[in-house]
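Data file: model_23.cif. Format and content: mmCIF, C-alpha atoms.
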data_protein
loop_
_atom_site.label_atom_id
_atom_site.label_comp_id
_atom_site.auth_asym_id
_atom_site.auth_seq_id
_atom_site.Cartn_x
_atom_site.Cartn_y
_atom_site.Cartn_z
CA MET A 1 -52.46 -17.11 -35.65
CA ASN A 2 -51.63 -20.84 -35.68
CA LYS A 3 -50.43 -22.68 -32.59
CA LYS A 4 -46.84 -23.29 -33.79
CA PHE A 5 -46.38 -19.61 -34.64
CA SER A 6 -47.78 -18.59 -31.26
CA ILE A 7 -45.32 -20.87 -29.46
CA LEU A 8 -42.40 -19.58 -31.56
CA LEU A 9 -43.42 -15.98 -30.90
CA GLY A 10 -43.66 -16.71 -27.17
CA VAL A 11 -40.17 -18.18 -27.12
CA ILE A 12 -38.74 -15.18 -29.01
CA LEU A 13 -40.43 -12.73 -26.64
CA MET A 14 -39.17 -14.68 -23.62
CA LEU A 15 -35.58 -14.62 -24.95
CA LEU A 16 -35.84 -10.91 -25.72
CA SER A 17 -37.18 -10.30 -22.22
CA MET A 18 -34.34 -12.29 -20.63
CA ASN A 19 -31.75 -10.40 -22.70
CA ALA A 20 -33.30 -7.09 -21.68
CA GLN A 21 -33.27 -8.09 -18.01
CA ALA A 22 -29.66 -9.24 -18.26
CA ALA A 23 -28.74 -5.95 -19.89
CA GLY A 24 -30.21 -4.23 -16.86
CA ILE A 25 -27.25 -5.19 -14.67
CA ALA A 26 -24.72 -6.49 -17.20
CA ILE A 27 -21.63 -4.50 -18.06
CA GLN A 28 -21.22 -4.65 -21.83
CA ASP A 29 -18.28 -2.36 -22.57
CA ASN A 30 -14.58 -3.30 -22.61
CA ARG A 31 -14.79 -4.21 -18.92
CA ALA A 32 -16.66 -7.31 -20.07
CA THR A 33 -13.47 -8.69 -21.65
CA ALA A 34 -10.63 -10.71 -20.16
CA ASP A 35 -8.11 -8.48 -21.95
CA TYR A 36 -9.22 -5.43 -19.97
CA TRP A 37 -8.63 -7.08 -16.60
CA VAL A 38 -5.49 -8.99 -17.56
CA GLY A 39 -4.07 -5.73 -18.94
CA LYS A 40 -4.72 -4.00 -15.62
CA ASN A 41 -3.08 -6.81 -13.66
CA LYS A 42 0.48 -7.12 -14.99
CA PRO A 43 1.74 -9.01 -11.88
CA GLY A 44 -1.14 -11.45 -12.34
CA GLU A 45 0.84 -13.80 -14.59
CA ALA A 46 2.92 -14.91 -11.58
CA VAL A 47 2.10 -18.36 -10.21
CA PHE A 48 0.67 -18.07 -6.68
CA VAL A 49 0.56 -21.83 -5.99
CA ALA A 50 3.28 -23.98 -7.54
CA THR A 51 2.21 -27.29 -9.06
CA ALA A 52 4.28 -29.12 -6.45
CA ASP A 53 2.30 -27.40 -3.68
CA LEU A 54 -1.20 -28.10 -5.03
CA ASP A 55 -1.55 -31.42 -3.19
CA MET A 56 -0.84 -29.71 0.13
CA LEU A 57 -3.24 -26.86 -0.63
CA ASN A 58 -5.98 -29.29 -1.63
CA LEU A 59 -5.42 -31.24 1.57
CA GLN A 60 -5.87 -28.02 3.56
CA ILE A 61 -9.06 -27.27 1.62
CA ARG A 62 -10.42 -30.74 2.42
CA GLN A 63 -9.69 -30.21 6.10
CA LYS A 64 -11.33 -26.78 6.19
CA SER A 65 -14.32 -28.09 4.25
CA ALA A 66 -15.28 -30.51 7.04
CA ASN A 67 -14.56 -33.38 4.67
CA THR A 68 -17.15 -32.32 2.09
CA ILE A 69 -14.34 -32.99 -0.38
CA VAL A 70 -13.59 -36.68 -0.06
CA ASN A 71 -10.19 -38.27 -0.52
CA LEU A 72 -11.46 -41.21 -2.57
CA ALA A 73 -8.00 -42.80 -2.61
CA GLU A 74 -8.45 -43.52 1.10
CA TYR A 75 -12.12 -44.53 0.92
CA PRO A 76 -12.83 -47.64 3.05
CA GLU A 77 -13.59 -50.90 1.28
CA LYS A 78 -16.43 -51.63 3.71
CA VAL A 79 -18.81 -49.25 5.44
CA TYR A 80 -21.33 -49.86 8.20
CA THR A 81 -24.94 -48.99 8.90
CA GLN A 82 -24.28 -45.76 10.77
CA TRP A 83 -21.87 -44.53 8.06
CA MET A 84 -24.50 -45.09 5.36
CA THR A 85 -27.26 -43.56 7.51
CA ASN A 86 -25.19 -40.43 8.10
CA LYS A 87 -24.30 -40.03 4.42
CA ILE A 88 -27.84 -40.53 3.12
CA THR A 89 -29.42 -38.34 5.82
CA ALA A 90 -26.90 -35.54 5.20
CA THR A 91 -27.81 -35.59 1.51
CA MET A 92 -31.53 -35.46 2.32
CA LYS A 93 -30.93 -32.49 4.63
CA LEU A 94 -29.48 -30.43 1.78
CA GLY A 95 -33.00 -30.16 0.37
CA LYS A 96 -34.68 -30.36 3.80
CA PHE A 97 -36.11 -33.71 2.73
CA ASP A 98 -35.33 -35.36 6.05
CA LYS A 99 -38.42 -33.73 7.60
CA PRO A 100 -41.84 -35.43 7.81
CA GLU A 101 -43.72 -32.35 6.54
CA VAL A 102 -44.42 -32.35 2.80
CA PRO A 103 -42.52 -29.44 1.22
CA LYS A 104 -44.47 -26.86 -0.76
CA LEU A 105 -43.15 -27.99 -4.12
CA PHE A 106 -44.66 -29.04 -7.42
CA LYS A 107 -44.25 -32.24 -9.41
CA GLY A 108 -45.58 -32.41 -12.96
CA GLY A 109 -47.34 -29.06 -12.52
CA SER A 110 -49.30 -30.16 -9.43
CA ALA A 111 -48.62 -29.81 -5.73
CA LEU A 112 -46.35 -32.53 -4.37
CA THR A 113 -48.47 -35.11 -2.58
CA GLU A 114 -47.75 -36.77 0.74
CA PHE A 115 -47.68 -40.14 -1.04
CA SER A 116 -45.02 -39.02 -3.55
CA TYR A 117 -42.94 -37.44 -0.81
CA THR A 118 -43.00 -40.37 1.59
CA GLN A 119 -42.38 -42.87 -1.22
CA ALA A 120 -39.26 -40.99 -2.27
CA GLN A 121 -38.05 -40.96 1.35
CA LYS A 122 -38.76 -44.68 1.76
CA ASN A 123 -36.94 -45.40 -1.50
CA CYS A 124 -33.71 -44.38 0.27
CA GLY A 125 -33.98 -47.62 2.23
CA LEU A 126 -32.86 -46.17 5.55
CA GLU A 127 -34.97 -48.68 7.48
CA ALA A 128 -33.42 -51.67 5.70
CA LEU A 129 -29.73 -50.83 5.47
CA PRO A 130 -27.37 -53.80 5.68
CA ALA A 131 -25.08 -54.16 8.66
CA VAL A 132 -22.08 -54.07 6.31
CA CYS A 133 -21.80 -52.70 2.80
CA VAL A 134 -18.95 -53.72 0.52
CA VAL A 135 -18.10 -50.63 -1.53
CA ARG A 136 -18.37 -50.94 -5.30
CA TYR A 137 -16.35 -48.86 -7.75
CA ALA A 138 -17.61 -47.07 -10.84
CA LEU A 139 -16.96 -44.26 -13.31
CA THR A 140 -19.48 -41.95 -14.91
CA THR A 141 -19.76 -42.43 -18.67
CA ASP A 142 -21.37 -39.08 -19.49
CA ARG A 143 -22.51 -35.92 -17.77
CA THR A 144 -24.58 -37.32 -14.91
CA ASN A 145 -27.17 -35.83 -12.56
CA LEU A 146 -26.65 -36.45 -8.85
CA ARG A 147 -29.99 -36.36 -6.97
CA LEU A 148 -30.81 -35.63 -3.33
CA LEU A 149 -33.45 -38.39 -3.32
CA PRO A 150 -33.77 -41.45 -5.58
CA GLU A 151 -36.43 -39.78 -7.73
CA ALA A 152 -36.09 -38.95 -11.45
CA ASN A 153 -38.99 -36.49 -11.75
CA GLY A 154 -38.30 -32.89 -10.83
CA TRP A 155 -39.75 -31.13 -7.79
CA PHE A 156 -40.07 -27.44 -8.56
CA THR A 157 -40.78 -24.23 -6.66
CA SER A 158 -43.91 -23.33 -8.63
CA GLU A 159 -46.46 -24.92 -10.97
CA THR A 160 -44.80 -23.44 -14.05
CA ASP A 161 -41.13 -23.62 -13.01
CA THR A 162 -38.92 -25.92 -15.06
CA HIS A 163 -35.48 -24.59 -14.07
CA TYR A 164 -35.09 -24.98 -10.30
CA ASP A 165 -35.47 -28.68 -9.58
CA GLN A 166 -35.04 -28.96 -5.81
CA LEU A 167 -33.99 -32.61 -6.07
CA GLN A 168 -30.95 -31.70 -8.15
CA GLY A 169 -27.72 -31.83 -6.16
CA THR A 170 -25.08 -31.38 -8.83
CA VAL A 171 -23.72 -32.96 -11.99
CA LEU A 172 -20.64 -35.08 -12.51
CA ASP A 173 -18.49 -34.97 -15.63
CA PRO A 174 -17.67 -38.13 -17.55
CA SER A 175 -14.75 -40.20 -16.22
CA GLU A 176 -15.58 -39.12 -12.65
CA PRO A 177 -14.87 -41.90 -10.12
CA VAL A 178 -17.55 -42.67 -7.52
CA ALA A 179 -17.79 -45.03 -4.55
CA VAL A 180 -21.09 -46.91 -4.81
CA LEU A 181 -22.73 -47.81 -1.49
CA ILE A 182 -26.28 -49.15 -1.82
CA ASP A 183 -29.19 -49.54 -4.24
CA SER A 184 -32.45 -47.71 -3.77
CA GLN A 185 -35.36 -49.94 -2.79
CA ASP A 186 -36.75 -49.90 -6.35
CA LYS A 187 -33.25 -50.61 -7.78
CA GLU A 188 -33.57 -47.59 -10.09
CA PHE A 189 -30.80 -45.63 -8.35
CA VAL A 190 -27.57 -46.20 -6.45
CA PHE A 191 -26.23 -43.99 -3.67
CA VAL A 192 -22.69 -42.81 -4.45
CA GLU A 193 -20.01 -40.58 -3.05
CA SER A 194 -17.91 -38.53 -5.47
CA ARG A 195 -14.98 -36.24 -4.67
CA SER A 196 -17.24 -33.33 -3.70
CA TYR A 197 -20.84 -34.54 -3.41
CA ALA A 198 -22.93 -37.54 -2.40
CA GLY A 199 -26.26 -38.48 -3.88
CA TRP A 200 -28.31 -40.79 -6.06
CA ILE A 201 -27.40 -41.75 -9.64
CA LYS A 202 -29.01 -44.08 -12.14
CA PRO A 203 -26.75 -47.14 -12.46
CA SER A 204 -27.21 -47.02 -16.23
CA GLU A 205 -25.01 -43.92 -16.22
CA LEU A 206 -22.12 -45.74 -14.57
CA ALA A 207 -19.45 -48.23 -15.62
CA PHE A 208 -18.49 -50.58 -12.79
CA THR A 209 -14.90 -51.74 -12.41
CA ASP A 210 -12.35 -53.14 -9.97
CA LYS A 211 -10.63 -50.97 -7.39
CA ALA A 212 -7.20 -50.98 -9.09
CA THR A 213 -8.63 -49.64 -12.36
CA TRP A 214 -10.82 -47.15 -10.49
CA LEU A 215 -7.81 -45.77 -8.61
CA LYS A 216 -6.17 -44.85 -11.93
CA TYR A 217 -8.96 -42.29 -12.33
CA VAL A 218 -9.00 -41.23 -8.66
CA THR A 219 -5.28 -40.32 -8.68
CA PRO A 220 -4.32 -40.06 -12.36
CA GLN A 221 -0.63 -39.73 -13.12
CA ASN A 222 -1.19 -38.39 -16.62
CA TYR A 223 -4.40 -36.63 -17.56
CA LEU A 224 -5.91 -33.77 -19.53
CA THR A 225 -8.00 -31.06 -17.92
CA VAL A 226 -10.83 -29.54 -19.94
CA ILE A 227 -10.23 -25.79 -20.00
CA ALA A 228 -12.98 -24.87 -22.45
CA SER A 229 -16.27 -23.96 -20.79
CA ARG A 230 -17.79 -27.01 -22.48
CA LYS A 231 -16.46 -29.78 -24.66
CA THR A 232 -17.57 -33.13 -26.07
CA ILE A 233 -14.99 -35.93 -26.07
CA PRO A 234 -14.92 -37.59 -28.50
CA GLN A 235 -16.77 -35.11 -30.70
CA GLY A 236 -20.51 -35.42 -30.21
CA LYS A 237 -20.36 -38.02 -27.44
CA ALA A 238 -19.55 -37.41 -23.75
CA PHE A 239 -20.19 -33.85 -22.54
CA TYR A 240 -17.64 -32.23 -20.23
CA GLN A 241 -17.48 -28.83 -18.61
CA MET A 242 -14.42 -26.92 -17.50
CA GLY A 243 -12.35 -28.77 -14.92
CA GLY A 244 -13.33 -32.24 -16.12
CA ARG A 245 -10.43 -34.68 -16.38
CA VAL A 246 -9.59 -37.20 -19.08
CA LEU A 247 -7.16 -40.06 -18.49
CA LEU A 248 -4.21 -40.24 -20.88
CA ARG A 249 -3.00 -43.55 -22.31
CA ALA A 250 0.38 -41.99 -23.16
CA ALA A 251 2.15 -39.18 -21.35
CA ASP A 252 3.26 -37.34 -24.48
CA LEU A 253 1.64 -36.11 -27.66
CA GLN A 254 1.38 -38.65 -30.46
CA LYS A 255 3.34 -38.22 -33.69
CA ASP A 256 0.28 -36.76 -35.39
CA GLY A 257 -0.03 -34.13 -32.64
CA SER A 258 -3.05 -35.73 -30.92
CA TRP A 259 -3.58 -36.95 -27.37
CA ALA A 260 -4.20 -40.67 -26.75
CA ILE A 261 -6.94 -40.98 -24.11
CA ASN A 262 -9.15 -43.52 -22.36
CA ALA A 263 -12.88 -42.83 -22.67
CA PRO A 264 -14.98 -44.90 -20.22
CA SER A 265 -18.08 -46.69 -21.50
CA ALA A 266 -20.05 -49.69 -20.26
CA ASP A 267 -20.94 -53.03 -21.76
CA ALA A 268 -24.43 -54.57 -21.63
CA ASN A 269 -23.82 -55.62 -18.01
CA GLY A 270 -22.64 -52.19 -16.90
CA ILE A 271 -18.96 -53.21 -16.74
CA LEU A 272 -16.28 -50.70 -17.72
CA ILE A 273 -14.88 -50.68 -21.23
CA GLU A 274 -11.93 -48.32 -21.69
CA GLN A 275 -12.06 -47.04 -25.24
CA GLY A 276 -8.70 -45.94 -26.58
CA LEU A 277 -9.23 -42.78 -28.59
CA ASN A 278 -7.20 -39.92 -30.00
CA ILE A 279 -8.35 -36.32 -29.68
CA PRO A 280 -6.86 -33.08 -31.03
CA ASN A 281 -4.45 -31.01 -28.96
CA ASP A 282 -6.63 -27.91 -29.15
CA ASN A 283 -7.25 -24.95 -26.84
CA GLY A 284 -10.02 -26.87 -25.08
CA VAL A 285 -7.69 -29.14 -23.10
CA VAL A 286 -4.35 -28.92 -21.34
CA LYS A 287 -2.11 -31.60 -19.91
CA GLY A 288 -2.29 -31.55 -16.12
CA ALA A 289 -3.68 -28.15 -15.19
CA LEU A 290 -3.15 -24.53 -16.16
CA ALA A 291 -0.57 -22.50 -14.24
CA CYS A 292 -2.17 -21.28 -11.04
CA SER A 293 -2.14 -17.52 -11.61
CA GLU A 294 -4.62 -14.69 -11.09
CA ASN A 295 -4.75 -13.93 -14.79
CA ASN A 296 -5.45 -17.53 -15.70
CA LEU A 297 -8.40 -17.47 -13.29
CA ILE A 298 -9.65 -14.35 -15.08
CA ARG A 299 -9.20 -15.85 -18.54
CA GLN A 300 -10.98 -19.04 -17.50
CA ALA A 301 -13.89 -17.17 -15.94
CA PHE A 302 -14.46 -15.22 -19.14
CA ARG A 303 -14.73 -18.43 -21.15
CA PHE A 304 -18.17 -18.80 -19.50
CA LEU A 305 -19.30 -15.22 -20.23
CA GLY A 306 -22.82 -15.12 -21.67
CA GLU A 307 -23.50 -18.80 -21.12
CA GLY A 308 -26.61 -19.93 -19.29
CA TYR A 309 -27.26 -20.42 -15.60
CA GLY A 310 -28.11 -23.99 -14.61
CA TRP A 311 -29.39 -24.79 -11.11
CA GLY A 312 -27.29 -27.68 -9.83
CA GLY A 313 -25.75 -27.99 -13.30
CA LEU A 314 -29.06 -28.56 -15.08
CA GLU A 315 -29.48 -27.68 -18.75
CA LYS A 316 -25.73 -28.23 -19.36
CA ASN A 317 -24.93 -25.01 -17.55
CA VAL A 318 -23.43 -23.82 -14.26
CA ASP A 319 -24.80 -22.13 -11.17
CA CYS A 320 -22.75 -19.71 -9.09
CA SER A 321 -20.75 -22.24 -7.10
CA ALA A 322 -20.21 -24.64 -10.00
CA PHE A 323 -18.90 -21.70 -12.02
CA VAL A 324 -16.13 -20.85 -9.56
CA GLN A 325 -15.49 -24.54 -8.78
CA ASP A 326 -14.88 -25.24 -12.47
CA VAL A 327 -12.66 -22.19 -12.94
CA TYR A 328 -10.51 -23.03 -9.93
CA ARG A 329 -10.27 -26.71 -10.84
CA SER A 330 -8.84 -25.75 -14.23
CA VAL A 331 -5.76 -24.44 -12.35
CA GLY A 332 -5.66 -27.48 -10.06
CA ILE A 333 -7.48 -26.14 -6.98
CA GLU A 334 -10.27 -28.44 -5.74
CA LEU A 335 -13.06 -26.39 -4.15
CA PRO A 336 -16.17 -27.82 -2.48
CA ARG A 337 -19.39 -27.66 -4.49
CA ASP A 338 -21.70 -25.26 -2.64
CA ALA A 339 -21.13 -21.57 -1.90
CA ASP A 340 -21.37 -21.87 1.89
CA LYS A 341 -18.80 -24.66 1.91
CA GLN A 342 -16.55 -22.75 -0.46
CA GLU A 343 -16.62 -19.78 1.91
CA LYS A 344 -15.33 -21.96 4.74
CA ALA A 345 -12.62 -23.49 2.52
CA MET A 346 -10.71 -20.30 1.73
CA ALA A 347 -7.08 -20.33 2.88
CA ARG A 348 -7.26 -16.59 3.58
CA SER A 349 -10.57 -14.97 4.40
CA ILE A 350 -11.69 -11.56 5.62
CA SER A 351 -15.11 -11.29 7.20
CA MET A 352 -17.20 -8.31 6.10
CA LYS A 353 -20.03 -8.75 8.56
CA ASP A 354 -21.14 -5.55 10.32
CA MET A 355 -18.81 -3.39 8.19
CA THR A 356 -19.68 -0.02 6.70
CA ARG A 357 -19.77 0.53 2.93
CA ASP A 358 -16.45 2.41 3.09
CA GLN A 359 -14.79 -0.41 5.03
CA ARG A 360 -16.00 -2.94 2.48
CA LEU A 361 -14.70 -0.85 -0.40
CA GLU A 362 -11.32 -0.51 1.26
CA ILE A 363 -11.00 -4.29 1.62
CA LEU A 364 -12.16 -4.96 -1.93
CA LYS A 365 -9.66 -2.55 -3.42
CA LYS A 366 -6.86 -4.43 -1.67
CA SER A 367 -8.13 -7.85 -2.74
CA LYS A 368 -6.48 -9.92 -5.44
CA PRO A 369 -8.20 -10.42 -8.80
CA GLY A 370 -9.63 -13.92 -8.81
CA SER A 371 -10.66 -13.68 -5.15
CA LEU A 372 -14.10 -14.98 -4.28
CA LEU A 373 -16.81 -12.77 -2.78
CA PHE A 374 -19.53 -14.40 -0.72
CA THR A 375 -23.03 -13.55 0.40
CA LYS A 376 -25.55 -15.94 1.91
CA GLY A 377 -26.19 -18.48 -0.85
CA HIS A 378 -24.13 -16.79 -3.58
CA VAL A 379 -20.49 -16.60 -4.69
CA MET A 380 -18.84 -14.26 -7.22
CA MET A 381 -15.35 -13.82 -8.65
CA TYR A 382 -13.68 -10.48 -8.09
CA LEU A 383 -12.01 -8.93 -11.16
CA GLY A 384 -10.62 -5.75 -9.62
CA THR A 385 -11.55 -2.09 -9.79
CA ASP A 386 -12.21 -0.38 -13.09
CA ASP A 387 -10.85 2.98 -14.27
CA ASN A 388 -13.41 4.71 -12.05
CA ASP A 389 -12.27 2.74 -8.99
CA GLU A 390 -15.49 0.68 -9.00
CA PRO A 391 -15.24 -2.99 -7.88
CA ILE A 392 -16.36 -5.31 -10.67
CA ILE A 393 -17.27 -9.02 -10.57
CA ILE A 394 -18.07 -11.93 -12.87
CA HIS A 395 -20.62 -14.53 -11.71
CA ALA A 396 -23.42 -16.88 -12.70
CA VAL A 397 -26.54 -14.83 -11.99
CA SER A 398 -29.97 -16.30 -11.42
CA SER A 399 -31.99 -13.15 -10.73
CA TYR A 400 -32.10 -9.69 -9.24
CA TYR A 401 -34.79 -7.27 -8.02
CA THR A 402 -35.89 -3.75 -8.85
CA PHE A 403 -38.19 -1.50 -6.83
CA ASP A 404 -40.37 1.26 -8.25
CA ASN A 405 -43.15 3.06 -6.38
CA ASP A 406 -43.37 0.26 -3.83
CA GLN A 407 -43.64 -2.27 -6.66
CA THR A 408 -41.20 -5.16 -6.42
CA ALA A 409 -40.09 -6.88 -9.63
CA LYS A 410 -37.96 -10.02 -9.82
CA HIS A 411 -35.92 -10.30 -13.00
CA TYR A 412 -34.57 -13.69 -14.03
CA VAL A 413 -31.23 -13.32 -15.78
CA ARG A 414 -29.89 -16.88 -15.78
CA LYS A 415 -26.53 -16.07 -17.35
CA VAL A 416 -22.85 -15.59 -16.54
CA LEU A 417 -22.38 -11.81 -16.49
CA VAL A 418 -19.93 -9.08 -15.57
CA THR A 419 -21.58 -6.62 -13.18
CA ASP A 420 -20.85 -4.14 -10.45
CA LEU A 421 -22.01 -4.75 -6.86
CA HIS A 422 -24.98 -2.40 -6.84
CA PHE A 423 -27.81 -4.69 -7.96
CA MET A 424 -30.34 -5.61 -5.30
CA SER A 425 -31.89 -8.66 -3.71
CA ARG A 426 -35.41 -9.03 -2.33
CA ASP A 427 -34.47 -7.20 0.87
CA LYS A 428 -33.66 -3.96 -1.04
CA VAL A 429 -30.00 -4.21 -0.06
CA GLU A 430 -27.27 -3.77 -2.66
CA MET A 431 -24.95 -6.71 -3.15
CA ILE A 432 -21.92 -4.85 -1.81
CA ASP A 433 -23.71 -4.39 1.52
CA ARG A 434 -24.68 -8.06 1.68
CA LEU A 435 -21.12 -9.40 1.35
CA THR A 436 -20.16 -11.70 4.19
CA SER A 437 -16.51 -12.29 3.26
CA VAL A 438 -13.79 -12.21 0.62
CA GLY A 439 -11.42 -15.16 0.32
CA ASN A 440 -8.45 -16.34 -1.74
CA PHE A 441 -5.43 -18.65 -1.71
#
Let me see whether you can do it: turn the structure in this file into structure tokens.
Amino acid sequence: MNKKFSILLGVILMLLSMNAQAAGIAIQDNRATADYWVGKNKPGEAVFVATADLDMLNLQIRQKSANTIVNLAEYPEKVYTQWMTNKITATMKLGKFDKPEVPKLFKGGSALTEFSYTQAQKNCGLEALPAVCVVRYALTTDRTNLRLLPEANGWFTSETDTHYDQLQGTVLDPSEPVAVLIDSQDKEFVFVESRSYAGWIKPSELAFTDKATWLKYVTPQNYLTVIASRKTIPQGKAFYQMGGRVLLRAADLQKDGSWAINAPSADANGILIEQGLNIPNDNGVVKGALACSENNLIRQAFRFLGEGYGWGGLEKNVDCSAFVQDVYRSVGIELPRDADKQEKAMARSISMKDMTRDQRLEILKKSKPGSLLFTKGHVMMYLGTDDNDEPIIIHAVSSYYTFDNDQTAKHYVRKVLVTDLHFMSRDKVEMIDRLTSVGNF
């Protein structure tokens, strides 16, 4: 057997294994369709937050999120040493990289060394921050990784892992405005703050501009929202996921039925060039946002069904919190990025801690479709109860566990699936019994 054939066979077997593992918890009958759930929820077409009220709701979410969603329109033009120290340190803490001890992670297939770890920490420049930083303004020009440390190479949880890079914070869509604070010591990264995350970006992935131009993207008057799960604009160029926004050059459709947009790119010096382009008015975009209804949340969630799981947005995919963040943003609701912060941001929330199974079921059956269910480190979207009165969810699943004769098996799924709440985690507890709260708006 030649080497190429062996590799191809290995890939096929891996994909078959992943599909088999996904099938182990995935619902694959008509309950895995948007039509089933929309059909069961006739009142779900009603708008539950009017467009005129979205600004107020998003303000309330920012306040409940302890300012993890930033109002960039009010971002200061100058920041000081303590401000920068707090922002950079808070980002490091997300990965526990503020500690002196070298984490048990792997870089390039080998254990992370003390030298690599301390160099990445030093590259943040905390010991040499300026007294005053004049904020710079930039836009992302493509889908862009936001890192917890200014380090391009991945730090993984095992020697063979290639999926769970612990330095990955999140991704930003193209056209996303960021406030740029400082350069890393090696000048390979800049520290930025976006609307829902702070971290390190390569400056080559940004287009710098003046504040007035930047503000057009921060608070756009006329824009398209991407409502497809993924879309390139223009075709084959900048990659967007659901919820990404595109600035319009004209408020109305053109005579040929297309939208006139601005697509940010950068010149050789990294300065913004706004390319005027026309794109089709297809079912991948909508002007403004979709009507904020339960059934639109359901329809949007199902546009991701079967797509891959991407830790921190890696591999052009979504993890659990990015999945619900994207779905909610497509109807104009701006959620924080991480599941724990999303749980705190809910306008209405019911705690399920210390409840019995029956009490949990009673609450779920009264919950609205589109509500979010939370456990420690995971978030899921509630679809409703099926014809057998069983609560059903849709979510981006990384893995689950099975137990047989005291043998524990971890199954990596890495897909967006429809499931019930009976699959288990490492602690042998079914998901329904691990729920901490249910929340909605």
**Message:** Measuring between only C-alpha atoms, which one of A:Ile182, A:Ile25, A:Ile350, A:Ala73 shows the shortest distance to Tyr401 of chain A?
**Reply:** A:Ile25
**Request:** Can you work out the spacing between atom CA of Pro203 of chain A and atom CA of Val180 of chain A in Å, to one decimal?
**Result:** 9.5 Å
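For the choices A:Glu188, A:Glu334, A:Asp404, A:Asp55, the atom-to-atom distance to Leu149 of chain A is smallest for A:Glu188 when using only C-alpha atoms.
Neighbouring residues of Met431 of chain A at 10 Å or closer, counting all atoms listed in the file and skipping chain neighbours under 5 positions away, are Phe374, Thr375, Tyr400, Asp420, Leu421, His422, Phe423, Met424 and Ser425 of chain A.
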Using the chain letters and residue numbers of this document, give as a PDB file with C-alpha atoms, in the coordinates of the input the residues selected by the PyMOL selection byres ((chain A and resi 388-398) around 8).
ATOM      1  CA  ALA A 301     -13.890 -17.170 -15.940  1.00  0.00           C
ATOM      2  CA  PHE A 302     -14.460 -15.220 -19.140  1.00  0.00           C
ATOM      3  CA  GLY A 308     -26.610 -19.930 -19.290  1.00  0.00           C
ATOM      4  CA  TYR A 309     -27.260 -20.420 -15.600  1.00  0.00           C
ATOM      5  CA  VAL A 318     -23.430 -23.820 -14.260  1.00  0.00           C
ATOM      6  CA  ASP A 319     -24.800 -22.130 -11.170  1.00  0.00           C
ATOM      7  CA  CYS A 320     -22.750 -19.710  -9.090  1.00  0.00           C
ATOM      8  CA  PHE A 323     -18.900 -21.700 -12.020  1.00  0.00           C
ATOM      9  CA  LEU A 361     -14.700  -0.850  -0.400  1.00  0.00           C
ATOM     10  CA  LEU A 364     -12.160  -4.960  -1.930  1.00  0.00           C
ATOM     11  CA  LYS A 365      -9.660  -2.550  -3.420  1.00  0.00           C
ATOM     12  CA  VAL A 379     -20.490 -16.600  -4.690  1.00  0.00           C
ATOM     13  CA  MET A 380     -18.840 -14.260  -7.220  1.00  0.00           C
ATOM     14  CA  MET A 381     -15.350 -13.820  -8.650  1.00  0.00           C
ATOM     15  CA  TYR A 382     -13.680 -10.480  -8.090  1.00  0.00           C
ATOM     16  CA  LEU A 383     -12.010  -8.930 -11.160  1.00  0.00           C
ATOM     17  CA  GLY A 384     -10.620  -5.750  -9.620  1.00  0.00           C
ATOM     18  CA  THR A 385     -11.550  -2.090  -9.790  1.00  0.00           C
ATOM     19  CA  ASP A 386     -12.210  -0.380 -13.090  1.00  0.00           C
ATOM     20  CA  ASP A 387     -10.850   2.980 -14.270  1.00  0.00           C
ATOM     21  CA  SER A 399     -31.990 -13.150 -10.730  1.00  0.00           C
ATOM     22  CA  TYR A 400     -32.100  -9.690  -9.240  1.00  0.00           C
ATOM     23  CA  TYR A 412     -34.570 -13.690 -14.030  1.00  0.00           C
ATOM     24  CA  VAL A 413     -31.230 -13.320 -15.780  1.00  0.00           C
ATOM     25  CA  ARG A 414     -29.890 -16.880 -15.780  1.00  0.00           C
ATOM     26  CA  LYS A 415     -26.530 -16.070 -17.350  1.00  0.00           C
ATOM     27  CA  VAL A 416     -22.850 -15.590 -16.540  1.00  0.00           C
ATOM     28  CA  LEU A 417     -22.380 -11.810 -16.490  1.00  0.00           C
ATOM     29  CA  VAL A 418     -19.930  -9.080 -15.570  1.00  0.00           C
ATOM     30  CA  THR A 419     -21.580  -6.620 -13.180  1.00  0.00           C
ATOM     31  CA  ASP A 420     -20.850  -4.140 -10.450  1.00  0.00           C
ATOM     32  CA  LEU A 421     -22.010  -4.750  -6.860  1.00  0.00           C
TER      33      LEU A 421
END
**Complete:** Between A:Val438, A:Ile273, A:Leu297, A:Leu112, smallest distance to Ser367 of chain A by all atoms listed in the file belongs to A:Val438
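Candidate residues A:Gln407, A:Lys316, A:Glu101, A:Phe441 were compared for distance to Lys428 of chain A, and the nearest is A:Gln407, using only C-alpha atoms.
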